[in-house]
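Just below is one structure, and these are the notes that go with it.
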Amino acid sequence: ASHAFIASILERARSRDNDFRFMAVSDLEEELRNDGFKMDLEAEKKICMALLKLLGDKSSEVQGKAANCLRPLVQKIHDGSLKYLCDELAASVTTKRAAEARDIAVLALNGVVASVPDCMGGIIVSQIASRLISALSGGGHADDHSDCLDILNNIIVRFGPLMTPAEQTEIQKATIPHLAVGCRRHVRKVAVSCLANISIYVPDDNFSDVIAYVLEQSTKGHIPEEVQILVQLLGAISRSSGHRLGVYMDRVAPLISRIIRDSSFEDDLELKENCFQTLESLVVRCPGQIADHMHEIISLALQYLRFDPNFAGDDEDMEEDEDEDEWGYGDDDDDEDLDYEVEDDDTSGKVRKSCARLIATIATTKPESQVYLYANVIPDLVDRFREREDYVKLEIFNAFVAIIRISARMHNLGRCKLTTPRAENTLNLELASKLRDHLETVVQVLSKQLVSKSTKLPVKEGICNLLREIAIAVNEAFTTEQIQSILHGLLVALADRNISLKILALRLLRQLQRTHPRKVFLDNFGTLCPKICAVLKDGTARKASADAILVSIELVRVLRPKLLEALLAVPANPTMGASLPRDLTPEAINADLEIHIRDLYDACLEILKQTEADSEVKEYALDCISGMLGVLGDYLHKEVKPCLEILNERLNNEVTRLATTRAITVLAVSPLENSLTPILETAVPILVSFLRKSNRALRQTSLICLTAIVKQNGLRDFQSLYEAIIPELGSLVSDAELYLCYLAFNLVTSCLEIAPNTISLISEHVYPRVFVLLQSPLLQGHALVAILEFFPPFVAALTQTNEGMTAETVIESLYGLAGNDGLGGGGRQAAISVSKCVAAVVGTTEGGRHASLVSGLVQSIESDDQSWKLVVSLLSLGEIGRSTDLSVTNQNLYHVVCKAFEMDSASEEVKSAASYALGGIAAGNLEAYMPVLLDEIKNQPTRRYFLLHSLKETIAMLSTSTERMSILHKQLKTILPILMESGASEKEGMRSVVSECLGRLALTDTLLVKTLHEHLGDDIPAVRCTMIGTLKFMVVDRSHDMDSVLAPSKSNNVLERFLSCIMDPELHVRRAALLALTHVAHNKPSLIVDLLPEILPILYVETKINTDLQRKVEFGPFRHSVDDGLSTRKAAFECMYTLLESCTLCIDLRQFLVHVIGGLSDVYDIKMLCHLMLIRLAESATGSAVLLEMLDAIVDPIRTTIASTMKETAVKQDIDRNEEQIRSAVRAVQAISQIPHSEKHPRFAQLRNNCLG
């Protein structure tokens, strides 16, 4: 900084003119905020002295400006200057001075504390804290103590971790006396905040002293004001460091309950409010420790939820008044006739509000208590829906919604994960039944309030939200009569001028339409439609337009539900377009409704024409218009052509083109024959151009739309359009976007089926790309299926058009892909793809041509010495054989394939392909080939592994055909002994194949489960291991009869017996049981939910390191540590991760987290799993609360992982693994840091700052 500038500032600061001094400080502040401003030590000292002097200026404006100037100054000065500044300011605050001088000094010091850099926090603590503590300990005015406490509190918030335990203890001791009743209210309030913040950092002994003091004084105290401040302190401590308060919960919770019930405090409503607020904080911060007191807390909350000493009437009086108001007999000014005793300072409502908030918090943090809440809390909440105070009523609504939401969350979990055909959602059905018992009262009360003129807007909005949550949580929640009552209220809400109420009413109406029978809405169609049209036409209600259009779509669904659902699903699911029946006879519509249908259509069309409408509204309008024409086109046939013109125009609009494409798709697949001819010539080229856009969703929708147009309209009069479509499809035939590739082949196949004369275009632009794609190792799933569906019509078109190619030439081209380079590098997956295509082409031939092609494949097996051609030939035979009896073609086929095992050059790929071929051939003719295959398995031990694979493939191929599977069942007496014998093998691969065979067989014949169950007790560990492995193949991710066989019950312990092998003495058997448990937890967690209390303790045992399984192995001069239990331990942690994903609400997360913390110090793989579990816990509401309780135990192992380094001699792989585990640990810290109040854990806050800055 220029010395001249500083000299000028200092000179003007000494001026007698107030304005000169003010401008001097303003200029200085501006310069100090400039990053380039620098000062030497002498200049710093002069500026500090000048500003300190100006704090005592006679002008208050100059004083304030000088105080503000200190904020940027402390960010630029050195330690010595900051110490001088702090000493002077602290002296001004703590010494006796005039009130005005002390106030400006307090303002300045608070500014310094807030602005000083973190690295200089130690100076603030050392220079200021001790002076403030001394001032608090000595005498002085109450205002002095208030200021000192305020500054000290700010210092603690910013620099608490930098204080020594001695300083923290001194602050605590100096602050406690200021809780006394004799102190001013503001002083006590600041003292509470100060003690709560310092409790985060004080040692355990000092924290215990504070809690002991509070408990002792609260027990002795009989003065309400004294007890109130102590309760406030408990609440503040629970909010700041609730994780430390949990160990005292057995004393704290009963104390607060006693205070609430104490008759001597009966009239102190503010004390009761503070008590309930403290309990709410304890429920959030210490959910585990307070669980034993939960029922007592709920009982208290319900008791005081009804506490209304200022209301001397009863609910029936209120209801009568509401009745009068509803039907118009009441007067808006009749409130004074109610028997209220209203006080200006009515704190009883605040007590009821705090009770409602407490109940909502319990519902959110304790999902396992939902059954108790439905039985004991819901009835009381419903009774309080007549609450007279609106702000209390809204909190009661929120509490009710919180309970509903948590049950809905469990219900959704049940539908997605915990569902079995035997007892689907039994618990949730029970809760739904309990809720329905109260819905008559709920609807009666709320519908009256919804139509009442005296009901305030926030309450009406709350009613709409509450009813919508009920409709979401319980399917068909309301009866027809109840819906009629609700609709009456909604009609009133839709006529209201408030937009937000209209939106909420529309959303409630849409939810009711989606979850309740259509008849009631069909009966009210004529009443609802004009109201919806009025909202759509209301220019002032544009925000409600989107919701009104969505309701309109639901109204159309009411008329013809099945058709509209099918039509609207086509753009998202292209396979549904082909399944729409062309001869679908739409339901007849009452003639009285035609006028309403037309009005609704006109209203939506008017919105579509508006250029200023939001893009979301335009999209919804397009969906609605297309849905109406697709479903009601027979009534709106005159509107189709004008609408098509609008769609054609909107197709060129970048904002609406995606929605317009969906709309055209719906019209194209509609069975009402809405001809698209007027726009095809212009629309199809535009749709084709979309295929070149980067917008993936647009390309997908365009392909689906073009496919629908080709299938339903055929482009019969526009053959030239095929020349625009097909050349663009070649570029989409690649493995870069397999879903687009699948859609492209659907379109190509449709073109071939509708217009075989397009074969020349397809042969030129698409056919060559197929061979490139077939060599990709990524080709699978829908894309591969689409290619297989492409070849039959392609070959058929070749036959019709005489293009010079035949099935034989296509097969030759496919077979030519198998060169020495392994199908262009695609490997086995490419060989599988090519073989499936060969089988698809062979399947198009008949008679002699078919036999000739199969014979050619057999000859290639006998003569080929190129392994990949041999692999393709074998796999092709397997694919053909699975659906065709090949014994007629070649009597020696089986033995020809078996020779592939004996070839000198036979690779593992060849042997694997041969086993697949044998499986396919056997599936085609079980009577001829199965006995031979079983005999080979028994007598050829060297081939047994591959032959068992053949048997597995046969079982898998037959599993979709009940008739063919019954033939296989006749040979089970021969098959089972062979499998049981092979299951005793010491080779894990052999056992795995046997497990799959047995598991797949059990799926087709559940009686086999008993046999497998009996062999779990076999003396041979390998057999037990094999039997456990079958469980992975018996539990599938879809509903199956096997679920009822395995589902645990009093009379059925099959699954329990399988999983009890976790306690097997053999290590590899325990590992197999853990892997099976993981599989069940992932696919059908409902099967194990009831077994978790027994399973989890055993699972946790397997997560601990067993030193007896660790050994040292010597490699020359080196010794290497080997942990034989690592694979089992890793399987246990993988199982824990899966259980956390699928059964979170059924697990004691505290006990769970103890073992996760143990895994944080384990090896790399287990650490990575534990980090993922920490992240998942941090993202869930219940898990985050548990994490906060045990955060201190997590810090050390994560810090150790982050600080880990590798030796200089470490190899790159070890270095990479170490870096990855450090990144994983940092991600876990980042996730935990997102939990509210995690920063109040000092050790974790320090770790977070070190990791994330």
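In the structure tokens, chains take letters A, B, ... by order of appearance, with residues numbered from 1 within each chain and ligands from 1 in the order shown.
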For this session: Name all residues at most 7 Å from segment 785-795 of chain A (count only C-alpha atoms; drop same-chain ones fewer than 5 positions away) and give them as number ranges by chain.
Result: A: 742, 745-746, 749, 752-753, 806-807, 837, 840-841, 844
For this session: Going by DSSP on the backbone, which bits of segment 406-560 of chain A are alpha helix (DSSP H)? Write them as a count of residues only, please.
Result: 119
Exercise. Do you know which residues are at most 8 Å from Leu431 of chain A counting only C-alpha atoms, after dropping those on the same chain fewer than 5 positions away, and could you put them as an MDAnalysis selection string?
Worked result: chainID A and resid 371 374 407
For this session: For each of A:Ala356, A:Asp118, A:Leu564, A:Arg497, take the minimum atom-to-atom distance to Gly539 of chain A, counting only C-alpha atoms, then give the residue where this is smallest.
Result: A:Arg497
For this session: Could you tell me how far atom CA of Leu55 of chain A lies from atom CA of Arg185 of chain A, in Å and to one decimal?
Result: 29.0 Å
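Residues in contact range of Lys1032 of chain A, defined as at most 8 Å between only C-alpha atoms, with sequence neighbours fewer than 5 positions away removed, read Gly999, Ala1076, His1079 and Val1080 of chain A.
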Take the residues just selected and output them with N, CA and C atoms as a PDB file, in the first residue's frame.
```pdb
ATOM      1  N   GLY A 999     -30.941 -77.463  -8.503  1.00  0.00           N
ATOM      2  CA  GLY A 999     -31.803 -76.312  -8.240  1.00  0.00           C
ATOM      3  C   GLY A 999     -32.825 -76.109  -9.337  1.00  0.00           C
ATOM      4  N   ALA A1076     -25.338 -68.231  -0.367  1.00  0.00           N
ATOM      5  CA  ALA A1076     -26.754 -68.534  -0.596  1.00  0.00           C
ATOM      6  C   ALA A1076     -27.649 -67.517   0.113  1.00  0.00           C
ATOM      7  N   HIS A1079     -27.775 -64.355  -1.842  1.00  0.00           N
ATOM      8  CA  HIS A1079     -28.640 -64.498  -3.018  1.00  0.00           C
ATOM      9  C   HIS A1079     -30.113 -64.365  -2.631  1.00  0.00           C
ATOM     10  N   VAL A1080     -30.505 -65.041  -1.565  1.00  0.00           N
ATOM     11  CA  VAL A1080     -31.901 -64.963  -1.120  1.00  0.00           C
ATOM     12  C   VAL A1080     -32.240 -63.530  -0.697  1.00  0.00           C
TER      13      VAL A1080
END
```
Problem set entry | Long-range neighbours of Ile709 of chain A as number ranges by chain, 12 Å cut-off, only C-alpha atoms, 6 positions minimum in chain | A: 577-578, 661-670, 673-677, 679-681, 683-684, 687, 702-703, 715-716, 718, 721-722, 725, 747, 750-751, 754
Keeping only N, CA, C and O atoms, write the selected residues as a short mmCIF file (atom, residue, chain, number, x, y, z; two decimals), in the first residue's frame.
```cif
data_model
loop_
_atom_site.label_atom_id
_atom_site.label_comp_id
_atom_site.auth_asym_id
_atom_site.auth_seq_id
_atom_site.Cartn_x
_atom_site.Cartn_y
_atom_site.Cartn_z
N GLY A 577 -46.91 -52.06 -28.78
CA GLY A 577 -47.61 -51.63 -29.98
C GLY A 577 -48.06 -52.79 -30.83
O GLY A 577 -49.14 -52.79 -31.41
N ALA A 578 -47.22 -53.83 -30.89
CA ALA A 578 -47.57 -54.99 -31.69
C ALA A 578 -48.67 -55.81 -31.06
O ALA A 578 -49.38 -56.56 -31.74
N THR A 661 -43.59 -36.42 -31.14
CA THR A 661 -43.27 -37.76 -31.64
C THR A 661 -44.02 -38.82 -30.86
O THR A 661 -44.54 -39.79 -31.43
N ARG A 662 -44.08 -38.65 -29.54
CA ARG A 662 -44.86 -39.60 -28.72
C ARG A 662 -46.33 -39.56 -29.11
O ARG A 662 -47.00 -40.60 -29.18
N ALA A 663 -46.84 -38.35 -29.36
CA ALA A 663 -48.26 -38.21 -29.72
C ALA A 663 -48.56 -38.91 -31.04
O ALA A 663 -49.58 -39.60 -31.18
N ILE A 664 -47.70 -38.75 -32.03
CA ILE A 664 -47.91 -39.42 -33.32
C ILE A 664 -47.86 -40.93 -33.15
O ILE A 664 -48.63 -41.67 -33.79
N THR A 665 -46.98 -41.41 -32.26
CA THR A 665 -46.91 -42.84 -31.99
C THR A 665 -48.23 -43.36 -31.45
O THR A 665 -48.73 -44.41 -31.87
N VAL A 666 -48.81 -42.63 -30.50
CA VAL A 666 -50.08 -43.05 -29.91
C VAL A 666 -51.17 -43.12 -30.98
O VAL A 666 -51.95 -44.07 -31.04
N LEU A 667 -51.22 -42.11 -31.85
CA LEU A 667 -52.23 -42.12 -32.91
C LEU A 667 -51.99 -43.26 -33.91
O LEU A 667 -52.93 -43.85 -34.43
N ALA A 668 -50.72 -43.57 -34.14
CA ALA A 668 -50.41 -44.62 -35.11
C ALA A 668 -50.83 -45.99 -34.62
O ALA A 668 -51.28 -46.82 -35.42
N VAL A 669 -50.70 -46.26 -33.34
CA VAL A 669 -51.02 -47.60 -32.84
C VAL A 669 -52.46 -47.72 -32.38
O VAL A 669 -52.90 -48.80 -31.98
N SER A 670 -53.21 -46.62 -32.42
CA SER A 670 -54.60 -46.67 -31.98
C SER A 670 -55.42 -47.60 -32.87
O SER A 670 -55.30 -47.57 -34.10
N GLU A 673 -58.20 -46.51 -36.05
CA GLU A 673 -57.90 -46.19 -37.44
C GLU A 673 -57.85 -44.68 -37.68
O GLU A 673 -58.51 -44.15 -38.58
N ASN A 674 -57.06 -43.99 -36.87
CA ASN A 674 -56.84 -42.56 -37.12
C ASN A 674 -55.78 -42.44 -38.22
O ASN A 674 -54.59 -42.62 -37.96
N SER A 675 -56.19 -42.19 -39.42
CA SER A 675 -55.26 -42.18 -40.55
C SER A 675 -54.27 -41.03 -40.44
O SER A 675 -54.64 -39.87 -40.23
N LEU A 676 -52.98 -41.39 -40.59
CA LEU A 676 -51.92 -40.38 -40.56
C LEU A 676 -51.52 -39.93 -41.95
O LEU A 676 -50.54 -39.20 -42.11
N THR A 677 -52.27 -40.37 -42.95
CA THR A 677 -51.91 -40.09 -44.34
C THR A 677 -51.67 -38.61 -44.62
O THR A 677 -50.71 -38.26 -45.32
N ILE A 679 -50.19 -36.35 -43.08
CA ILE A 679 -48.90 -35.78 -42.65
C ILE A 679 -47.72 -36.71 -42.92
O ILE A 679 -46.58 -36.33 -42.64
N LEU A 680 -47.96 -37.91 -43.44
CA LEU A 680 -46.85 -38.86 -43.57
C LEU A 680 -45.74 -38.32 -44.46
O LEU A 680 -44.56 -38.48 -44.16
N GLU A 681 -46.11 -37.69 -45.56
CA GLU A 681 -45.11 -37.26 -46.53
C GLU A 681 -44.17 -36.21 -45.96
O GLU A 681 -42.99 -36.14 -46.34
N ALA A 683 -44.01 -35.64 -42.32
CA ALA A 683 -43.59 -36.01 -40.96
C ALA A 683 -42.50 -37.06 -40.96
O ALA A 683 -41.56 -37.00 -40.16
N VAL A 684 -42.59 -38.05 -41.87
CA VAL A 684 -41.61 -39.14 -41.85
C VAL A 684 -40.19 -38.63 -42.11
O VAL A 684 -39.25 -39.02 -41.39
N LEU A 687 -38.97 -37.15 -38.91
CA LEU A 687 -38.66 -38.19 -37.92
C LEU A 687 -37.34 -38.88 -38.25
O LEU A 687 -36.56 -39.21 -37.36
N SER A 702 -38.25 -41.61 -31.86
CA SER A 702 -38.45 -41.54 -33.31
C SER A 702 -38.45 -42.93 -33.93
O SER A 702 -39.26 -43.23 -34.83
N LEU A 703 -37.57 -43.80 -33.49
CA LEU A 703 -37.55 -45.17 -34.01
C LEU A 703 -38.84 -45.91 -33.66
O LEU A 703 -39.41 -46.63 -34.50
N LEU A 715 -47.22 -47.39 -44.98
CA LEU A 715 -46.68 -46.49 -46.01
C LEU A 715 -47.05 -46.98 -47.41
O LEU A 715 -46.25 -46.90 -48.35
N ARG A 716 -48.26 -47.53 -47.53
CA ARG A 716 -48.64 -48.16 -48.79
C ARG A 716 -48.58 -47.17 -49.96
O ARG A 716 -48.21 -47.53 -51.08
N PHE A 718 -46.80 -44.44 -49.99
CA PHE A 718 -45.57 -43.64 -49.93
C PHE A 718 -44.35 -44.56 -49.91
O PHE A 718 -43.55 -44.53 -48.99
N LEU A 721 -40.83 -43.33 -49.20
CA LEU A 721 -40.37 -42.99 -47.85
C LEU A 721 -39.45 -44.06 -47.28
O LEU A 721 -38.64 -43.77 -46.40
N TYR A 722 -39.59 -45.28 -47.74
CA TYR A 722 -38.67 -46.32 -47.29
C TYR A 722 -37.24 -45.97 -47.67
O TYR A 722 -36.29 -46.31 -46.95
N ILE A 725 -35.97 -43.85 -44.93
CA ILE A 725 -35.84 -44.47 -43.60
C ILE A 725 -34.64 -45.42 -43.53
O ILE A 725 -33.77 -45.30 -42.66
N LEU A 747 -37.56 -51.89 -36.49
CA LEU A 747 -38.06 -51.14 -37.64
C LEU A 747 -37.70 -51.85 -38.95
O LEU A 747 -38.55 -51.95 -39.86
N SER A 750 -39.96 -54.80 -39.40
CA SER A 750 -41.31 -54.36 -39.78
C SER A 750 -41.35 -53.99 -41.27
O SER A 750 -42.32 -54.31 -41.97
N CYS A 751 -40.31 -53.32 -41.73
CA CYS A 751 -40.26 -52.98 -43.16
C CYS A 751 -40.26 -54.23 -44.02
O CYS A 751 -40.94 -54.29 -45.06
N ILE A 754 -43.83 -55.82 -43.94
CA ILE A 754 -44.88 -55.05 -44.62
C ILE A 754 -44.55 -54.86 -46.09
O ILE A 754 -45.43 -54.94 -46.95
#
```
Problem set entry | Polymer residues at most 7 Å from segment 614-622 of chain A, only C-alpha atoms, same-chain spacing of 4 or more positions, as a PyMOL selection string | chain A and resi 545-546+549-550+604+607-608+626+655-656+659-660+663
Same residues, C-alpha atoms, output as a PDB file, in the first residue's frame:
```pdb
ATOM      1  CA  SER A 545     -52.751 -25.956 -16.285  1.00  0.00           C
ATOM      2  CA  ALA A 546     -50.261 -28.827 -16.141  1.00  0.00           C
ATOM      3  CA  ILE A 549     -54.262 -31.571 -18.139  1.00  0.00           C
ATOM      4  CA  LEU A 550     -53.049 -34.583 -16.145  1.00  0.00           C
ATOM      5  CA  CYS A 604     -56.733 -28.806 -24.180  1.00  0.00           C
ATOM      6  CA  ILE A 607     -53.669 -24.605 -24.542  1.00  0.00           C
ATOM      7  CA  LEU A 608     -51.716 -26.469 -27.217  1.00  0.00           C
ATOM      8  CA  SER A 626     -53.181 -37.715 -28.622  1.00  0.00           C
ATOM      9  CA  VAL A 655     -39.135 -27.714 -27.503  1.00  0.00           C
ATOM     10  CA  THR A 656     -42.128 -29.891 -28.393  1.00  0.00           C
ATOM     11  CA  ALA A 659     -43.680 -34.942 -27.042  1.00  0.00           C
ATOM     12  CA  THR A 660     -45.078 -34.605 -30.569  1.00  0.00           C
ATOM     13  CA  ALA A 663     -48.260 -38.209 -29.718  1.00  0.00           C
TER      14      ALA A 663
END
```
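Summary of the local environment: counting only C-alpha atoms, residues at most 10 Å from Ser60 of chain A, other than itself and those fewer than 5 positions away along its chain, are Asn18, Leu54, Leu55, Lys65, Ala66, Glu100 and Ile104 of chain A.
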Take the residues just selected and output them with all heavy atoms as a compact mmCIF listing (two decimals), in the first residue's frame.
```
# COMPACT_ATOMS: atom_id res chain seq x y z
N ASN A 18 -16.83 15.57 11.00
CA ASN A 18 -17.37 14.19 11.05
C ASN A 18 -17.36 13.53 9.68
O ASN A 18 -17.05 12.33 9.55
CB ASN A 18 -18.80 14.20 11.59
CG ASN A 18 -18.86 14.61 13.04
OD1 ASN A 18 -17.83 14.63 13.73
ND2 ASN A 18 -20.05 14.93 13.53
N LEU A 54 -11.18 5.65 16.81
CA LEU A 54 -12.44 6.05 16.19
C LEU A 54 -13.64 5.29 16.77
O LEU A 54 -14.78 5.71 16.60
CB LEU A 54 -12.38 5.81 14.67
CG LEU A 54 -11.46 6.78 13.90
CD1 LEU A 54 -11.34 6.34 12.46
CD2 LEU A 54 -12.01 8.21 13.99
N LEU A 55 -13.38 4.15 17.44
CA LEU A 55 -14.49 3.45 18.09
C LEU A 55 -15.08 4.30 19.21
O LEU A 55 -16.22 4.08 19.63
CB LEU A 55 -14.00 2.11 18.67
CG LEU A 55 -13.67 1.01 17.64
CD1 LEU A 55 -13.12 -0.23 18.35
CD2 LEU A 55 -14.89 0.63 16.81
N LYS A 65 -18.91 2.63 11.45
CA LYS A 65 -18.08 2.37 10.27
C LYS A 65 -16.72 1.83 10.68
O LYS A 65 -16.16 0.94 10.02
CB LYS A 65 -17.91 3.68 9.49
CG LYS A 65 -17.50 3.49 8.05
CD LYS A 65 -18.59 2.76 7.27
CE LYS A 65 -18.24 2.61 5.82
NZ LYS A 65 -19.24 1.80 5.09
N ALA A 66 -16.17 2.34 11.77
CA ALA A 66 -14.88 1.85 12.26
C ALA A 66 -14.98 0.39 12.71
O ALA A 66 -14.08 -0.42 12.46
CB ALA A 66 -14.40 2.73 13.41
N GLU A 100 -22.64 3.07 26.00
CA GLU A 100 -22.48 3.25 24.55
C GLU A 100 -21.11 2.79 24.09
O GLU A 100 -20.97 2.12 23.05
CB GLU A 100 -22.69 4.73 24.21
CG GLU A 100 -22.64 5.01 22.72
CD GLU A 100 -22.86 6.48 22.40
OE1 GLU A 100 -23.20 7.25 23.34
OE2 GLU A 100 -22.70 6.86 21.23
N ILE A 104 -20.31 -0.50 21.43
CA ILE A 104 -19.56 -0.45 20.17
C ILE A 104 -18.35 -1.38 20.24
O ILE A 104 -17.96 -1.99 19.24
CB ILE A 104 -19.16 1.01 19.82
CG1 ILE A 104 -18.73 1.09 18.36
CG2 ILE A 104 -18.05 1.49 20.73
CD1 ILE A 104 -19.85 0.83 17.39
```
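Closest approach to Gly630 of chain A from the set A:Ile77, A:Ile726, A:Leu567, A:Leu234 is made by A:Leu567, with distances taken over only C-alpha atoms.
Across the structure, atom CA of Lys869 of chain A and atom CA of Met903 of chain A are spaced 14.3 Å apart.
Nearest to Arg1057 of chain A of all the residues A:Ala301, A:Leu1012, A:Ile503, A:Leu255 is A:Leu1012, counting only C-alpha atoms.
Taking atom CA of Ala744 of chain A and atom CA of Leu729 of chain A as endpoints, the distance between them is 6.1 Å.
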